[in-house]
Amino acid sequence: MPFSPPIFEAGPKQAFSEPPQAATHGATDSLEWRYSVLADYAWGWEIWEDEQGVFQYVSPDCVDVCGYPAAAFLENPALFTDIIVGADKPIWAEHRQEAQSQWGLHHAEFRIQRADGVVIWLAHHCRPVLDDAQQFLGYRSYNEDITERRQMQEQLRRSEERYRWILESTSDILCVYDMEDECFTFVSPTVERVRGITQDQALAETWQDAVTEPFYPRLTATLTKQYAVFQANGHCDGQFVLELQQPDKDGRPLWVELAARFRRGRQGQVELVGSTRSIAERKQAEEQMEQLMFRDALTHLYNRRFFEEELQRMDNHFNMPVSILMGDINGLRLINEAFGHSQGDTLLQITADILAACARPQDVVARTSGDEFCILMPKTDGSAARKVLAAIEQRIASEKSGMLEQFAYVTWSFGVGTKKRLDDSLIGARQAAAKEMERQKLLEQASTHNAAIASLKAAMFARSEETEAHCQRMFQMARLVGLELGLSQQALHDLQLLCQLHDIGKIGVDDAILKKPGKLTADEWARMKEHPSIGARIAASLPDIAGIAPAIAAHHERWDGSGYPQGLRATEIPVLARILAVIDAYDAMTHTRIYREALPRAEAIGELIRNSGSQFDPTVVDVFLRNVLHYDRPVNLPDQANNQR
């Protein structure tokens, strides 16, 4: 084996300028022999090369590392460079250039291809060898197979990368809290995306900072309890889950679910390890479900189902005494019929807002039926309940002036009942409240109806061409016709109401249609033709005028069946409507209107005669002409033999 290069011993300044020679060349105690043995049995692959880069020594371990024998490298020093993987050759070149320019130990890691074709990772450690005069004599290098280590490093890198990806991509905020130092030691980067604060800001927070004020007592109570259990057991006793609100960067509350458990850290300290997950969507879904199950869709108050459940839940000694306040809107049906259900809905919402504003936080406010509301008041005696009622009535009085005009005649009835002792009946308290409410309703009913009729008449006169004088003239003439036809006193009273209120349905028609100066479109005319039906529904909602509802519905029907809205003919049309049709037409023709001058009496009579039997009841026309207008000239009226009154 050739053995001519200088041998590096202690450091860069200590080197043999030439190989030491033993007294006897083959003696086993020679320095050359001993060093050769050490090199051959080193834990790795050693290479000695001279200043020209010619390999002078290659340890036999090279076969184990790269699969090539030492002789292959001694015969072909370029072999070492050749087996370096092409992509890593720049690493080798940079490493060799660095070793040539700077004395000292140099390291490089690159891949080589073994003789069997397998690619492995090689760690190359190289140090220049200098003589006493600091002259460069060559290199001594040491090579080791680090494939296993690099694989472990790659696995670790991938694991860390995967862990980092999980931390960055998960929607959960992971955190570790040191219970002894009372500080966060880790918060995942997700906190910036979820709460809008940086990791450093989150790490600087206390638990009091990290949760909103209403939830802090609940959190501390849970942590204290669970921490005591952990300390007592000395091990993790399972995780606990809490629903909390955390503030975002602007202080707005965010719903989160905290899942956490205690553990021992590396230093033996107790740590709380947990994750917080946004549950905003779940909370929103729960609220929507609650709205569907327990809330009234229109007023957003609790519904009857929830109220009944709360009634049972509160029936215990903790809530004594319990009071119930009931309220009802007088006139809601009339609002719905006269102005449409949208206005009725507005009235319900106004009422709900008033009740909710006057109720206390512990009270349960519910809409229990169409126009009925209830307030369930725990730990409230009758006196306190009536103070709430007084606040409601005062609020209604103060806000009524600002309500819509059509609500002017609306009133509310209320009643209060109280369960004073546990053995009393809560149902009895509810019944007492209902009875008081009904008594108030009866007292207000007459005045309410009178006010409603007066208000409706005023609205009708304001929105149509009808006037009080026109109504009075019509009744004077219609009364004479009714007497001649033998109507009863009740029918004559209804006829008077009909003359006043037959066009009441026009208050449910848009002003733009009622007051349009030009010709109505087909859609507008269809809407206008609805006013008899609207008027009939309005009348039916008021007991005092419900009797004229059929006549209001039919006052635009025609004798020949070509009228509206039902196309009734002949005696199918109520007699009051037949009388009104003739009287209304004559008075309208003989008085000036915005769109035309009044017709002479003779022309108006001629129109009645021409339309008798088609538009008008011939009998009514005959009675009106002869007994009211005293028109005694012969008139060519249709055969009245089959006419029935």
# chains A, B, ... in the order shown; residues from 1 in each chain; ligands from 1
>>> select_by_dssp(residues="segment 149-228 of chain A", states="strand (DSSP E or B)", output="PDB file with N, CA and C atoms, in the first residue's frame")
ATOM      1  N   ILE A 173     -58.329  27.471  16.868  1.00  0.00           N
ATOM      2  CA  ILE A 173     -57.196  28.146  17.495  1.00  0.00           C
ATOM      3  C   ILE A 173     -56.670  27.226  18.594  1.00  0.00           C
ATOM      4  N   LEU A 174     -55.429  26.751  18.429  1.00  0.00           N
ATOM      5  CA  LEU A 174     -54.820  25.883  19.430  1.00  0.00           C
ATOM      6  C   LEU A 174     -54.034  26.734  20.419  1.00  0.00           C
ATOM      7  N   CYS A 175     -54.074  26.350  21.677  1.00  0.00           N
ATOM      8  CA  CYS A 175     -53.380  27.159  22.684  1.00  0.00           C
ATOM      9  C   CYS A 175     -52.895  26.277  23.830  1.00  0.00           C
ATOM     10  N   VAL A 176     -51.829  26.752  24.485  1.00  0.00           N
ATOM     11  CA  VAL A 176     -51.299  26.105  25.690  1.00  0.00           C
ATOM     12  C   VAL A 176     -51.160  27.198  26.749  1.00  0.00           C
ATOM     13  N   TYR A 177     -51.692  26.920  27.934  1.00  0.00           N
ATOM     14  CA  TYR A 177     -51.685  27.903  29.019  1.00  0.00           C
ATOM     15  C   TYR A 177     -50.984  27.305  30.233  1.00  0.00           C
ATOM     16  N   ASP A 178     -49.957  28.005  30.729  1.00  0.00           N
ATOM     17  CA  ASP A 178     -49.212  27.573  31.916  1.00  0.00           C
ATOM     18  C   ASP A 178     -49.989  28.002  33.160  1.00  0.00           C
ATOM     19  N   CYS A 183     -49.940  32.218  32.171  1.00  0.00           N
ATOM     20  CA  CYS A 183     -49.723  32.889  30.887  1.00  0.00           C
ATOM     21  C   CYS A 183     -49.843  31.866  29.769  1.00  0.00           C
ATOM     22  N   PHE A 184     -50.157  32.368  28.573  1.00  0.00           N
ATOM     23  CA  PHE A 184     -50.184  31.511  27.398  1.00  0.00           C
ATOM     24  C   PHE A 184     -48.748  31.300  26.918  1.00  0.00           C
ATOM     25  N   THR A 185     -48.394  30.045  26.643  1.00  0.00           N
ATOM     26  CA  THR A 185     -47.058  29.746  26.107  1.00  0.00           C
ATOM     27  C   THR A 185     -47.113  29.421  24.621  1.00  0.00           C
ATOM     28  N   PHE A 186     -48.305  29.184  24.110  1.00  0.00           N
ATOM     29  CA  PHE A 186     -48.455  28.937  22.674  1.00  0.00           C
ATOM     30  C   PHE A 186     -49.871  29.292  22.250  1.00  0.00           C
ATOM     31  N   VAL A 187     -49.983  29.970  21.095  1.00  0.00           N
ATOM     32  CA  VAL A 187     -51.264  30.236  20.438  1.00  0.00           C
ATOM     33  C   VAL A 187     -51.017  30.079  18.945  1.00  0.00           C
TER      34      VAL A 187
END
>>> residues_around(residues="Asp181 of chain A", least_positions_apart="6", cutoff="12 Å", atoms="only C-alpha atoms", output="list of chain:residue names")
A:Thr206, A:Gln269, A:Val270, A:Glu271, A:Leu272
>>> write_last_selection(atoms="all heavy atoms", output="PDB file, in the first residue's frame")
ATOM      1  N   THR A 206     -54.427  37.723  29.039  1.00  0.00           N
ATOM      2  CA  THR A 206     -54.841  36.872  30.156  1.00  0.00           C
ATOM      3  C   THR A 206     -56.175  36.253  29.767  1.00  0.00           C
ATOM      4  O   THR A 206     -56.790  36.636  28.760  1.00  0.00           O
ATOM      5  CB  THR A 206     -55.000  37.690  31.438  1.00  0.00           C
ATOM      6  OG1 THR A 206     -56.073  38.644  31.247  1.00  0.00           O
ATOM      7  CG2 THR A 206     -53.717  38.438  31.775  1.00  0.00           C
ATOM      8  N   GLN A 269     -44.553  21.230  34.898  1.00  0.00           N
ATOM      9  CA  GLN A 269     -45.570  22.233  35.166  1.00  0.00           C
ATOM     10  C   GLN A 269     -46.934  21.771  34.631  1.00  0.00           C
ATOM     11  O   GLN A 269     -47.012  20.992  33.686  1.00  0.00           O
ATOM     12  CB  GLN A 269     -45.191  23.585  34.529  1.00  0.00           C
ATOM     13  CG  GLN A 269     -45.380  23.676  33.025  1.00  0.00           C
ATOM     14  CD  GLN A 269     -44.242  23.072  32.220  1.00  0.00           C
ATOM     15  OE1 GLN A 269     -43.465  22.278  32.734  1.00  0.00           O
ATOM     16  NE2 GLN A 269     -44.161  23.436  30.949  1.00  0.00           N
ATOM     17  N   VAL A 270     -47.990  22.275  35.256  1.00  0.00           N
ATOM     18  CA  VAL A 270     -49.345  21.942  34.809  1.00  0.00           C
ATOM     19  C   VAL A 270     -49.726  22.899  33.682  1.00  0.00           C
ATOM     20  O   VAL A 270     -49.635  24.117  33.823  1.00  0.00           O
ATOM     21  CB  VAL A 270     -50.363  22.050  35.960  1.00  0.00           C
ATOM     22  CG1 VAL A 270     -51.757  21.716  35.456  1.00  0.00           C
ATOM     23  CG2 VAL A 270     -49.965  21.122  37.096  1.00  0.00           C
ATOM     24  N   GLU A 271     -50.168  22.313  32.560  1.00  0.00           N
ATOM     25  CA  GLU A 271     -50.571  23.113  31.401  1.00  0.00           C
ATOM     26  C   GLU A 271     -52.010  22.800  31.028  1.00  0.00           C
ATOM     27  O   GLU A 271     -52.467  21.657  31.173  1.00  0.00           O
ATOM     28  CB  GLU A 271     -49.674  22.819  30.200  1.00  0.00           C
ATOM     29  CG  GLU A 271     -48.227  23.233  30.381  1.00  0.00           C
ATOM     30  CD  GLU A 271     -47.380  22.864  29.181  1.00  0.00           C
ATOM     31  OE1 GLU A 271     -47.716  21.855  28.509  1.00  0.00           O
ATOM     32  OE2 GLU A 271     -46.386  23.573  28.918  1.00  0.00           O
ATOM     33  N   LEU A 272     -52.677  23.813  30.558  1.00  0.00           N
ATOM     34  CA  LEU A 272     -54.012  23.633  29.988  1.00  0.00           C
ATOM     35  C   LEU A 272     -53.846  23.669  28.477  1.00  0.00           C
ATOM     36  O   LEU A 272     -53.411  24.674  27.912  1.00  0.00           O
ATOM     37  CB  LEU A 272     -54.959  24.751  30.443  1.00  0.00           C
ATOM     38  CG  LEU A 272     -56.377  24.674  29.867  1.00  0.00           C
ATOM     39  CD1 LEU A 272     -57.141  23.513  30.485  1.00  0.00           C
ATOM     40  CD2 LEU A 272     -57.128  25.983  30.110  1.00  0.00           C
TER      41      LEU A 272
END
>>> closest_residue(among="A:Val416, A:Ala357, A:Leu130, A:Leu301", to="Arg395 of chain A", atoms="only C-alpha atoms")
A:Ala357
>>> select_by_dssp(residues="segment 410-601 of chain A", states="alpha helix (DSSP H)", output="number ranges by chain")
A: 426-463, 468-485, 489-501, 511-514, 522-528, 531-540, 549-554, 575-589, 601
